[in-house]
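Colleague: Below you will find the structure I want to go over with you.
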Amino acid sequence: MIALGCDHGGYNLICAVKKYLDERNIAYKEFGTFSEDSVDYPVYAYKVAKAVTSGECEMGILCCGTGIGISMAANKIKGIRAAVVGNAFGAEMTRRHNHANILCMGGRVTSEEEAVKYTDIFLNTPEEGGRHDKRVAMIEQIENGTFSE
Ligand code: RB5
């Protein structure tokens, strides 16, 4: 199950992502918003992040105007690794190396076609593990306040 969320600035991209998921029978849960009326992106970041950390959804996709604000808000939730992606290489590497669990994109900077491409890569790229496990664990230590140099 993929958790989907957006604000008004990312509504067009989430619609394109939904079409992609529908065509492939990939299950998703929508957390809004559902129009281009102005809303506050942290609300949707919070809902999607909680759906991922609770285990209700395996991964999430969040879109706002730039992808930045909504990723900042999502990353405040413990256990979330939300990545703003603006190219195919980033979509792949943030899964392989950062074990990202939320893909963030911007409706004012990324086309619908590109967003679908990044979604496809993100959802189909595995975590690489190995040396990256240690680095992701360090991110978690920073989050928990247990990190030491
Ligand atoms: C909304 O106008 C805009 O600020 C929002 O979509 C996003 O780009 C924030 O980072």
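Convention: chains lettered A, B, ... in structure tokens order; per-chain residue numbering from 1; ligands numbered from 1 as shown.
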Quick one: everything within 6 Å of range 41-58 of chain A, counting only C-alpha atoms, minus sequence neighbours fewer than 3 positions away in the same chain. Send it as a ChimeraX atom specification.

Modeller: /A:1-3,5,7,70,73-74

Colleague: Using only C-alpha atoms and all ligand atoms, what are the residues with an atom within 12 Å of ligand 1, set out as a PyMOL selection string?

Modeller: chain A and resi 5-13+33+36-45+62-74+84+104-110

Colleague: Would you mind exporting C-alpha atoms of the selected residues as a short mmCIF file (atom, residue, chain, number, x, y, z; two decimals), in the first residue's frame?

Modeller:
data_model
loop_
_atom_site.label_atom_id
_atom_site.label_comp_id
_atom_site.auth_asym_id
_atom_site.auth_seq_id
_atom_site.Cartn_x
_atom_site.Cartn_y
_atom_site.Cartn_z
CA GLY A 5 -0.56 13.16 -0.11
CA CYS A 6 -0.22 16.62 -1.56
CA ASP A 7 -1.11 20.26 -1.18
CA HIS A 8 -2.61 22.45 -3.91
CA GLY A 9 0.83 22.96 -5.50
CA GLY A 10 1.33 19.22 -5.95
CA TYR A 11 -2.23 18.20 -6.76
CA ASN A 12 -1.53 17.81 -10.50
CA LEU A 13 1.43 15.49 -9.85
CA THR A 33 -5.81 17.22 -0.52
CA GLU A 36 -6.25 22.95 -6.09
CA ASP A 37 -7.78 25.03 -3.30
CA SER A 38 -5.06 26.39 -1.04
CA VAL A 39 -4.21 24.22 1.98
CA ASP A 40 -1.31 23.79 4.41
CA TYR A 41 1.20 21.15 3.27
CA PRO A 42 2.32 20.04 6.80
CA VAL A 43 -1.13 18.52 7.36
CA TYR A 44 -0.67 16.08 4.48
CA ALA A 45 2.97 15.44 5.24
CA LEU A 62 4.12 13.55 -1.24
CA CYS A 63 3.88 16.50 -3.61
CA CYS A 64 3.77 20.24 -3.01
CA GLY A 65 4.90 23.15 -5.16
CA THR A 66 8.60 22.38 -4.82
CA GLY A 67 8.57 19.10 -2.86
CA ILE A 68 10.68 20.87 -0.26
CA GLY A 69 8.25 22.07 2.40
CA ILE A 70 6.31 18.83 2.45
CA SER A 71 9.55 16.83 2.78
CA MET A 72 10.75 19.03 5.65
CA ALA A 73 7.51 18.40 7.52
CA ALA A 74 7.52 14.64 6.83
CA VAL A 84 12.97 15.47 -2.68
CA CYS A 104 8.67 14.03 -2.56
CA MET A 105 8.22 16.00 -5.78
CA GLY A 106 7.25 19.52 -6.77
CA GLY A 107 4.36 20.34 -9.09
CA ARG A 108 5.91 23.69 -9.99
CA VAL A 109 9.30 22.27 -10.92
CA THR A 110 8.66 18.74 -12.23
#

Colleague: From the options A:Lys76, A:Arg95, A:Phe31, A:His132, which residue's atoms come nearest to Asn144 in chain A, counting only C-alpha atoms?

Modeller: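 The answer is A:Lys76, which sits nearest to Asn144 in chain A.
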
Colleague: May I ask which of the residues A:Val116, A:Val136, A:Ile77, A:Leu4 is the closest one to Arg96 in chain A, counting only C-alpha atoms?

Modeller: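 When distances to Arg96 in chain A are compared using only C-alpha atoms, the smallest one comes from A:Val136.
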
Colleague: Would you mind writing down, as JSON, numbers by chain, each residue of range 49-138 of chain A that DSSP on the backbone assigns to strand (DSSP E or B)?

Modeller: {"A": [59, 60, 61, 62, 63, 64, 82, 83, 84, 102, 103, 104, 105, 106]}

Colleague: May I ask for the distance between CA of Phe122 in chain A and CA of Thr94 in chain A, given in Å to one decimal place?

Modeller: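 Pair CA of Phe122 in chain A / CA of Thr94 in chain A returns 8.0 Å.
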
Colleague: Mind the document's chain letters and residue numbers, and return as a PyMOL selection string the residues of range 83-136 of chain A that DSSP labels alpha helix (DSSP H).

Modeller: chain A and resi 88-96+112-124+131-136

Colleague: I'd like the neighbourhood of Ala91 in chain A as an MDAnalysis selection string, where a residue qualifies if any of its atoms comes within 12 Å (using only C-alpha atoms), though same-chain residues fewer than 5 positions away should be ignored.

Modeller: chainID A and resid 61 82:86 96:105 114:127

Colleague: Measuring atom to atom with only C-alpha atoms, identify which of A:Ile14, A:Gly129, A:Asp22, A:Ile139 is nearest to Glu113 in chain A.

Modeller: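 Of A:Ile14, A:Gly129, A:Asp22, A:Ile139, the one nearest Glu113 in chain A, counting only C-alpha atoms, is A:Ile14.
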